[in-house]
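Visitor: As input, take structure.cif (mmCIF, C-alpha atoms):
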data_target
loop_
_atom_site.group_PDB
_atom_site.id
_atom_site.type_symbol
_atom_site.label_atom_id
_atom_site.label_comp_id
_atom_site.auth_asym_id
_atom_site.auth_seq_id
_atom_site.Cartn_x
_atom_site.Cartn_y
_atom_site.Cartn_z
ATOM 1 C CA MET A 29 138.323 114.140 117.478
ATOM 2 C CA LYS A 30 136.316 114.499 120.690
ATOM 3 C CA LYS A 31 134.208 117.193 119.027
ATOM 4 C CA LEU A 32 133.496 114.935 116.021
ATOM 5 C CA LEU A 33 132.546 112.066 118.307
ATOM 6 C CA SER A 34 130.307 114.398 120.304
ATOM 7 C CA ILE A 35 128.554 115.620 117.146
ATOM 8 C CA SER A 36 128.101 112.055 115.875
ATOM 9 C CA PHE A 37 126.719 110.905 119.224
ATOM 10 C CA ALA A 38 124.313 113.871 119.347
ATOM 11 C CA ALA A 39 123.118 113.078 115.810
ATOM 12 C CA LEU A 40 122.581 109.459 116.788
ATOM 13 C CA LEU A 41 120.522 110.455 119.825
ATOM 14 C CA SER A 42 118.518 112.895 117.711
ATOM 15 C CA ALA A 43 117.752 110.223 115.095
ATOM 16 C CA GLN A 44 116.725 107.806 117.836
ATOM 17 C CA ALA A 45 114.417 110.431 119.345
ATOM 18 C CA PHE A 46 112.716 110.997 115.976
ATOM 19 C CA ALA A 47 112.313 107.213 115.563
ATOM 20 C CA ASN A 48 110.750 106.938 119.019
ATOM 21 C CA ASP A 49 108.413 109.845 118.243
ATOM 22 C CA ALA A 50 107.316 108.220 114.995
ATOM 23 C CA ALA A 51 106.692 104.876 116.706
ATOM 24 C CA ASN A 52 104.680 106.549 119.460
ATOM 25 C CA GLU A 53 102.697 108.547 116.898
ATOM 26 C CA LEU A 54 101.843 105.435 114.881
ATOM 27 C CA ARG A 55 100.820 103.505 117.993
ATOM 28 C CA THR A 56 98.666 106.447 119.097
ATOM 29 C CA HIS A 57 96.924 106.484 115.713
ATOM 30 C CA LEU A 58 96.266 102.748 116.004
ATOM 31 C CA ALA A 59 95.296 102.794 119.705
ATOM 32 C CA ASP A 60 91.542 103.015 119.080
ATOM 33 C CA LEU A 61 91.663 100.605 116.164
ATOM 34 C CA LYS A 62 90.853 97.304 117.840
ATOM 35 C CA GLY A 63 90.200 95.713 114.474
ATOM 36 C CA PHE A 64 89.162 96.414 110.904
ATOM 37 C CA GLN A 65 87.738 94.848 107.790
ATOM 38 C CA ALA A 66 88.315 95.797 104.143
ATOM 39 C CA GLN A 67 88.558 94.562 100.590
ATOM 40 C CA PHE A 68 92.022 94.711 99.064
ATOM 41 C CA LYS A 69 93.581 94.886 95.630
ATOM 42 C CA GLN A 70 97.211 93.762 95.551
ATOM 43 C CA THR A 71 99.712 94.861 92.928
ATOM 44 C CA VAL A 72 103.208 93.380 92.966
ATOM 45 C CA ILE A 73 105.813 95.677 91.430
ATOM 46 C CA ASP A 74 109.358 94.461 90.770
ATOM 47 C CA ALA A 75 112.562 96.395 91.446
ATOM 48 C CA ASP A 76 112.386 97.927 87.945
ATOM 49 C CA GLY A 77 108.884 99.335 88.561
ATOM 50 C CA VAL A 78 107.102 96.745 86.415
ATOM 51 C CA SER A 79 103.768 95.299 87.612
ATOM 52 C CA ILE A 80 104.146 91.505 87.647
ATOM 53 C CA HIS A 81 101.133 90.235 89.614
ATOM 54 C CA GLU A 82 97.666 91.276 90.776
ATOM 55 C CA ALA A 83 95.295 89.767 93.314
ATOM 56 C CA GLU A 84 92.073 90.644 95.127
ATOM 57 C CA GLY A 85 90.455 89.592 98.364
ATOM 58 C CA LYS A 86 89.143 90.521 101.781
ATOM 59 C CA LEU A 87 90.920 90.852 105.104
ATOM 60 C CA SER A 88 89.850 91.142 108.726
ATOM 61 C CA LEU A 89 92.198 91.979 111.612
ATOM 62 C CA ALA A 90 91.544 92.086 115.354
ATOM 63 C CA ARG A 91 93.832 92.578 118.324
ATOM 64 C CA PRO A 92 95.882 90.858 119.461
ATOM 65 C CA ALA A 93 97.311 89.315 116.279
ATOM 66 C CA LYS A 94 94.093 87.832 114.874
ATOM 67 C CA LEU A 95 93.778 87.682 111.112
ATOM 68 C CA ASN A 96 91.483 86.338 108.425
ATOM 69 C CA TRP A 97 92.890 86.884 104.933
ATOM 70 C CA GLN A 98 90.880 85.525 102.010
ATOM 71 C CA GLN A 99 92.276 85.928 98.521
ATOM 72 C CA VAL A 100 89.627 85.368 95.854
ATOM 73 C CA MET A 101 91.610 86.100 92.697
ATOM 74 C CA PRO A 102 93.620 84.620 90.997
ATOM 75 C CA GLU A 103 93.752 81.763 93.553
ATOM 76 C CA GLN A 104 91.562 81.278 96.618
ATOM 77 C CA ASP A 105 94.346 81.152 99.202
ATOM 78 C CA MET A 106 93.568 81.795 102.857
ATOM 79 C CA ILE A 107 95.510 82.880 105.973
ATOM 80 C CA VAL A 108 93.910 82.611 109.420
ATOM 81 C CA SER A 109 95.392 83.457 112.826
ATOM 82 C CA ASP A 110 93.766 83.133 116.244
ATOM 83 C CA GLY A 111 96.619 85.028 117.897
ATOM 84 C CA SER A 112 98.691 81.985 118.766
ATOM 85 C CA THR A 113 98.541 79.819 115.615
ATOM 86 C CA ILE A 114 98.572 80.746 111.925
ATOM 87 C CA TRP A 115 97.135 78.544 109.184
ATOM 88 C CA TYR A 116 98.009 79.151 105.534
ATOM 89 C CA TYR A 117 95.664 77.154 103.308
ATOM 90 C CA SER A 118 96.054 76.659 99.563
ATOM 91 C CA PRO A 119 93.073 74.733 98.129
ATOM 92 C CA PHE A 120 94.806 74.529 94.734
ATOM 93 C CA VAL A 121 97.487 72.200 96.131
ATOM 94 C CA GLU A 122 95.257 70.949 99.004
ATOM 95 C CA GLN A 123 97.822 71.851 101.665
ATOM 96 C CA VAL A 124 97.743 73.779 104.929
ATOM 97 C CA THR A 125 100.900 75.143 106.580
ATOM 98 C CA ILE A 126 100.698 75.719 110.344
ATOM 99 C CA MET A 127 103.000 78.232 112.069
ATOM 100 C CA ASP A 128 103.491 79.809 115.461
ATOM 101 C CA ALA A 129 101.968 83.310 115.443
ATOM 102 C CA SER A 130 104.701 84.829 117.610
ATOM 103 C CA GLU A 131 107.343 83.669 115.123
ATOM 104 C CA ALA A 132 105.385 85.229 112.272
ATOM 105 C CA ILE A 133 105.244 88.557 114.139
ATOM 106 C CA ASN A 134 109.023 88.452 114.424
ATOM 107 C CA GLN A 135 109.271 87.909 110.665
ATOM 108 C CA SER A 136 106.819 90.526 109.372
ATOM 109 C CA PRO A 137 105.932 94.000 110.663
ATOM 110 C CA PHE A 138 102.558 93.806 108.865
ATOM 111 C CA ILE A 139 100.977 91.967 111.789
ATOM 112 C CA LEU A 140 101.756 94.947 114.069
ATOM 113 C CA LEU A 141 98.542 96.500 112.732
ATOM 114 C CA ALA A 142 96.778 93.910 114.848
ATOM 115 C CA ASP A 143 99.196 93.760 117.786
ATOM 116 C CA ASP A 144 99.548 96.529 120.365
ATOM 117 C CA ARG A 145 101.848 94.598 122.717
ATOM 118 C CA SER A 146 105.117 96.368 123.529
ATOM 119 C CA GLU A 147 107.133 93.148 123.254
ATOM 120 C CA SER A 148 106.071 92.857 119.598
ATOM 121 C CA TRP A 149 106.889 96.485 118.723
ATOM 122 C CA GLN A 150 110.290 96.592 120.407
ATOM 123 C CA ASN A 151 111.926 94.709 117.509
ATOM 124 C CA TYR A 152 110.998 97.393 114.955
ATOM 125 C CA GLN A 153 111.902 100.978 114.148
ATOM 126 C CA VAL A 154 109.377 103.434 112.721
ATOM 127 C CA GLU A 155 109.969 106.429 110.426
ATOM 128 C CA LYS A 156 107.542 108.953 108.977
ATOM 129 C CA GLN A 157 107.849 108.691 105.202
ATOM 130 C CA GLN A 158 105.780 109.807 102.195
ATOM 131 C CA GLN A 159 102.606 110.721 104.115
ATOM 132 C CA GLY A 160 102.790 107.442 105.991
ATOM 133 C CA PHE A 161 104.874 105.347 108.373
ATOM 134 C CA LEU A 162 107.689 102.982 107.416
ATOM 135 C CA VAL A 163 108.277 100.065 109.809
ATOM 136 C CA LYS A 164 111.542 98.087 109.587
ATOM 137 C CA SER A 165 113.280 95.395 111.611
ATOM 138 C CA LYS A 166 115.976 96.731 113.913
ATOM 139 C CA ASP A 167 118.162 93.647 113.531
ATOM 140 C CA ASP A 168 117.456 91.989 110.168
ATOM 141 C CA PRO A 169 118.154 94.119 107.058
ATOM 142 C CA LEU A 170 116.852 91.311 104.819
ATOM 143 C CA GLN A 171 113.423 91.291 106.444
ATOM 144 C CA ALA A 172 110.651 92.952 104.436
ATOM 145 C CA ALA A 173 109.712 96.476 105.520
ATOM 146 C CA PHE A 174 106.137 97.691 105.903
ATOM 147 C CA TRP A 175 104.691 101.073 104.910
ATOM 148 C CA VAL A 176 101.186 102.182 105.903
ATOM 149 C CA LYS A 177 99.164 105.270 104.989
ATOM 150 C CA LEU A 178 96.601 106.526 107.500
ATOM 151 C CA ASN A 179 93.807 108.955 106.655
ATOM 152 C CA ALA A 180 92.703 111.885 108.825
ATOM 153 C CA ASP A 181 90.141 109.641 110.551
ATOM 154 C CA ASN A 182 92.862 106.998 111.199
ATOM 155 C CA SER A 183 91.371 104.650 108.628
ATOM 156 C CA ILE A 184 93.874 102.813 106.422
ATOM 157 C CA SER A 185 93.728 103.359 102.674
ATOM 158 C CA ARG A 186 96.907 101.563 101.636
ATOM 159 C CA PHE A 187 99.849 99.567 102.896
ATOM 160 C CA ASP A 188 102.943 98.197 101.166
ATOM 161 C CA ILE A 189 105.258 95.288 101.908
ATOM 162 C CA ILE A 190 108.746 96.113 100.615
ATOM 163 C CA GLU A 191 111.247 93.300 100.079
ATOM 164 C CA SER A 192 114.996 93.815 100.506
ATOM 165 C CA THR A 193 115.332 93.099 96.754
ATOM 166 C CA GLY A 194 113.280 96.231 95.982
ATOM 167 C CA GLN A 195 110.134 94.331 95.031
ATOM 168 C CA ARG A 196 107.006 95.923 96.483
ATOM 169 C CA SER A 197 103.521 94.508 97.140
ATOM 170 C CA GLN A 198 101.020 97.371 97.197
ATOM 171 C CA PHE A 199 97.647 96.810 98.867
ATOM 172 C CA ASP A 200 94.895 99.345 98.169
ATOM 173 C CA LEU A 201 91.958 99.051 100.577
ATOM 174 C CA GLN A 202 88.291 99.712 99.857
ATOM 175 C CA GLY A 203 85.234 99.545 102.112
ATOM 176 C CA PHE A 204 87.312 100.051 105.273
ATOM 177 C CA LYS A 205 85.309 99.367 108.455
ATOM 178 C CA ALA A 206 86.878 100.167 111.821
ATOM 179 C CA ASN A 207 86.082 98.085 114.904
ATOM 180 C CA PRO A 208 83.376 95.842 113.421
ATOM 181 C CA SER A 209 81.790 93.073 115.445
ATOM 182 C CA PHE A 210 83.674 89.850 114.693
ATOM 183 C CA SER A 211 82.682 86.274 115.358
ATOM 184 C CA GLU A 212 85.478 84.283 117.016
ATOM 185 C CA LYS A 213 84.888 81.600 114.366
ATOM 186 C CA LEU A 214 86.353 83.995 111.821
ATOM 187 C CA PHE A 215 89.789 83.507 113.392
ATOM 188 C CA LYS A 216 89.649 79.724 113.633
ATOM 189 C CA PHE A 217 90.453 77.321 110.830
ATOM 190 C CA GLU A 218 89.049 73.837 110.388
ATOM 191 C CA ILE A 219 91.312 71.751 108.200
ATOM 192 C CA PRO A 220 89.352 70.177 105.320
ATOM 193 C CA LYS A 221 89.495 66.421 104.878
ATOM 194 C CA ASN A 222 92.232 64.993 102.667
ATOM 195 C CA THR A 223 94.376 68.105 103.140
ATOM 196 C CA MET A 224 98.146 67.680 103.434
ATOM 197 C CA ILE A 225 99.439 69.240 106.688
ATOM 198 C CA ASP A 226 102.819 70.970 106.993
ATOM 199 C CA ASP A 227 103.161 71.749 110.704
ATOM 200 C CA GLN A 228 106.120 74.100 111.252
ATOM 201 C CA ARG A 229 105.515 74.887 114.931
#
What is this structure when it is put down as structure tokens?

Guide:
Amino acid sequence: MKKLLSISFAALLSAQAFANDAANELRTHLADLKGFQAQFKQTVIDADGVSIHEAEGKLSLARPAKLNWQQVMPEQDMIVSDGSTIWYYSPFVEQVTIMDASEAINQSPFILLADDRSESWQNYQVEKQQQGFLVKSKDDPLQAAFWVKLNADNSISRFDIIESTGQRSQFDLQGFKANPSFSEKLFKFEIPKNTMIDDQR
């Protein structure tokens, strides 16, 4: 019994070491990426492998945790984060939802692309998988996982958001630009007049 426990404990330590190595490798790849800009094409694939939705747009990320996400097709939805506050704006329903950025980081590993702070990464485990890195919550098995593929020059060509149900949102990136010069206005959102506000902070 002691031998079995010893083997199990050694395997656990070995798995943890590989996870730490993968996390360190991913963070090293992203270390020089202070921000990026790209066009995206999103394809949502259900658990049976059937494509059920497509969208297109443009995204800009900058550290720490700044985001400008503009979907242009089929709807013109928008997500903006200045690092402390996130605004999700849907012009179709004329509503903006306001959230705390730190809470959003705890709910989605995607934002880690734009956040190099150790306190944000400590809640996630990283594995090398299928020529990329899979990032999952350590504590919440129902939280969506995040997979990212990096090229030899550390540019990003694709990332996926994988729901616990098996549904996957695949984002293929084009026109990737690393470390562009951003205006701070890009990460601020002015609420249009006559817009309904849902403040969840």

Visitor: I need the residue set behind the PyMOL selection byres ((chain A and resi 142) around 10) for this file; please write it as number ranges by chain.

Guide: A: 58, 61-64, 88-95, 111, 138-141, 143-145

Visitor: Pull out every residue that the PyMOL selection byres ((chain A and resi 177) around 8) matches in the shown coordinates and put them as a list in words.

Guide: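 When the PyMOL selection byres ((chain A and resi 177) around 8) is applied to the shown file, the picked residues are Gln159, Gly160, Phe161, Trp175, Val176, Leu178, Asn179, Ile184, Ser185, Arg186 and Phe187 of chain A.
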
Visitor: Output C-alpha atoms of each residue in that selection to a file, as a CSV table (one decimal), in the coordinates of the input.

Guide:
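Output saved as again.csv:
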chain,number,residue,atom,x,y,z
A,159,GLN,CA,102.6,110.7,104.1
A,160,GLY,CA,102.8,107.4,106.0
A,161,PHE,CA,104.9,105.3,108.4
A,175,TRP,CA,104.7,101.1,104.9
A,176,VAL,CA,101.2,102.2,105.9
A,178,LEU,CA,96.6,106.5,107.5
A,179,ASN,CA,93.8,109.0,106.7
A,184,ILE,CA,93.9,102.8,106.4
A,185,SER,CA,93.7,103.4,102.7
A,186,ARG,CA,96.9,101.6,101.6
A,187,PHE,CA,99.8,99.6,102.9

Visitor: Step by step, work through what the PyMOL selection byres ((chain A and resi 106) around 8) selects in the shown file, and finish by giving those residues as a ChimeraX atom specification.

Guide: /A:96-99,104-105,107-108,115-118

Visitor: Between CA of Gln171 (chain A) and CA of Gln150 (chain A), what is the distance in Å, rounded to a tenth?

Guide: 15.3 Å

Visitor: Pick out the closest residue to Pro137 (chain A) from this set: A:Val163, A:Ile225, A:Ala66, A:Ala50. Count all atoms listed in the file.

Guide: A:Val163

Visitor: Which residues are near region 123-128 of chain A? Cut-off 7 Å, all atoms listed in the file, ignore same chain within fewer than 3 positions. Put them as a list in words.

Guide: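 That gives Ser112, Thr113, Ile114, Trp115, Tyr116, Tyr117, Ser118, Pro119, Glu131, Ala132, Thr223, Met224, Ile225, Asp226, Asp227, Gln228 and Arg229 of chain A.
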
Visitor: Nearest residue to Gly77 (chain A) out of A:Glu53, A:Lys166, A:Gly194, A:Val100, using only C-alpha atoms?

Guide: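 Distance minimum relative to Gly77 (chain A) lands on A:Gly194.
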
Visitor: Interatomic distance between CA of Val78 (chain A) and CA of Ala173 (chain A)?

Guide: 19.3 Å

Visitor: Between CA of Ser197 (chain A) and CA of Thr71 (chain A), what is the spacing in Å?

Guide: 5.7 Å

Visitor: Fewer than 2 positions away in the same chain doesn't count, so skip those; otherwise give me all residues within 12 Å of Asp74 (chain A), counting all atoms listed in the file, as an mmCIF file with C-alpha atoms, in the coordinates of the input.

Guide:
data_model
loop_
_atom_site.group_PDB
_atom_site.id
_atom_site.type_symbol
_atom_site.label_atom_id
_atom_site.label_comp_id
_atom_site.auth_asym_id
_atom_site.auth_seq_id
_atom_site.Cartn_x
_atom_site.Cartn_y
_atom_site.Cartn_z
ATOM 1 C CA THR A 71 99.712 94.861 92.928
ATOM 2 C CA VAL A 72 103.208 93.380 92.966
ATOM 3 C CA ASP A 76 112.386 97.927 87.945
ATOM 4 C CA GLY A 77 108.884 99.335 88.561
ATOM 5 C CA VAL A 78 107.102 96.745 86.415
ATOM 6 C CA SER A 79 103.768 95.299 87.612
ATOM 7 C CA ILE A 80 104.146 91.505 87.647
ATOM 8 C CA HIS A 81 101.133 90.235 89.614
ATOM 9 C CA ILE A 189 105.258 95.288 101.908
ATOM 10 C CA ILE A 190 108.746 96.113 100.615
ATOM 11 C CA GLU A 191 111.247 93.300 100.079
ATOM 12 C CA SER A 192 114.996 93.815 100.506
ATOM 13 C CA THR A 193 115.332 93.099 96.754
ATOM 14 C CA GLY A 194 113.280 96.231 95.982
ATOM 15 C CA GLN A 195 110.134 94.331 95.031
ATOM 16 C CA ARG A 196 107.006 95.923 96.483
ATOM 17 C CA SER A 197 103.521 94.508 97.140
ATOM 18 C CA GLN A 198 101.020 97.371 97.197
#
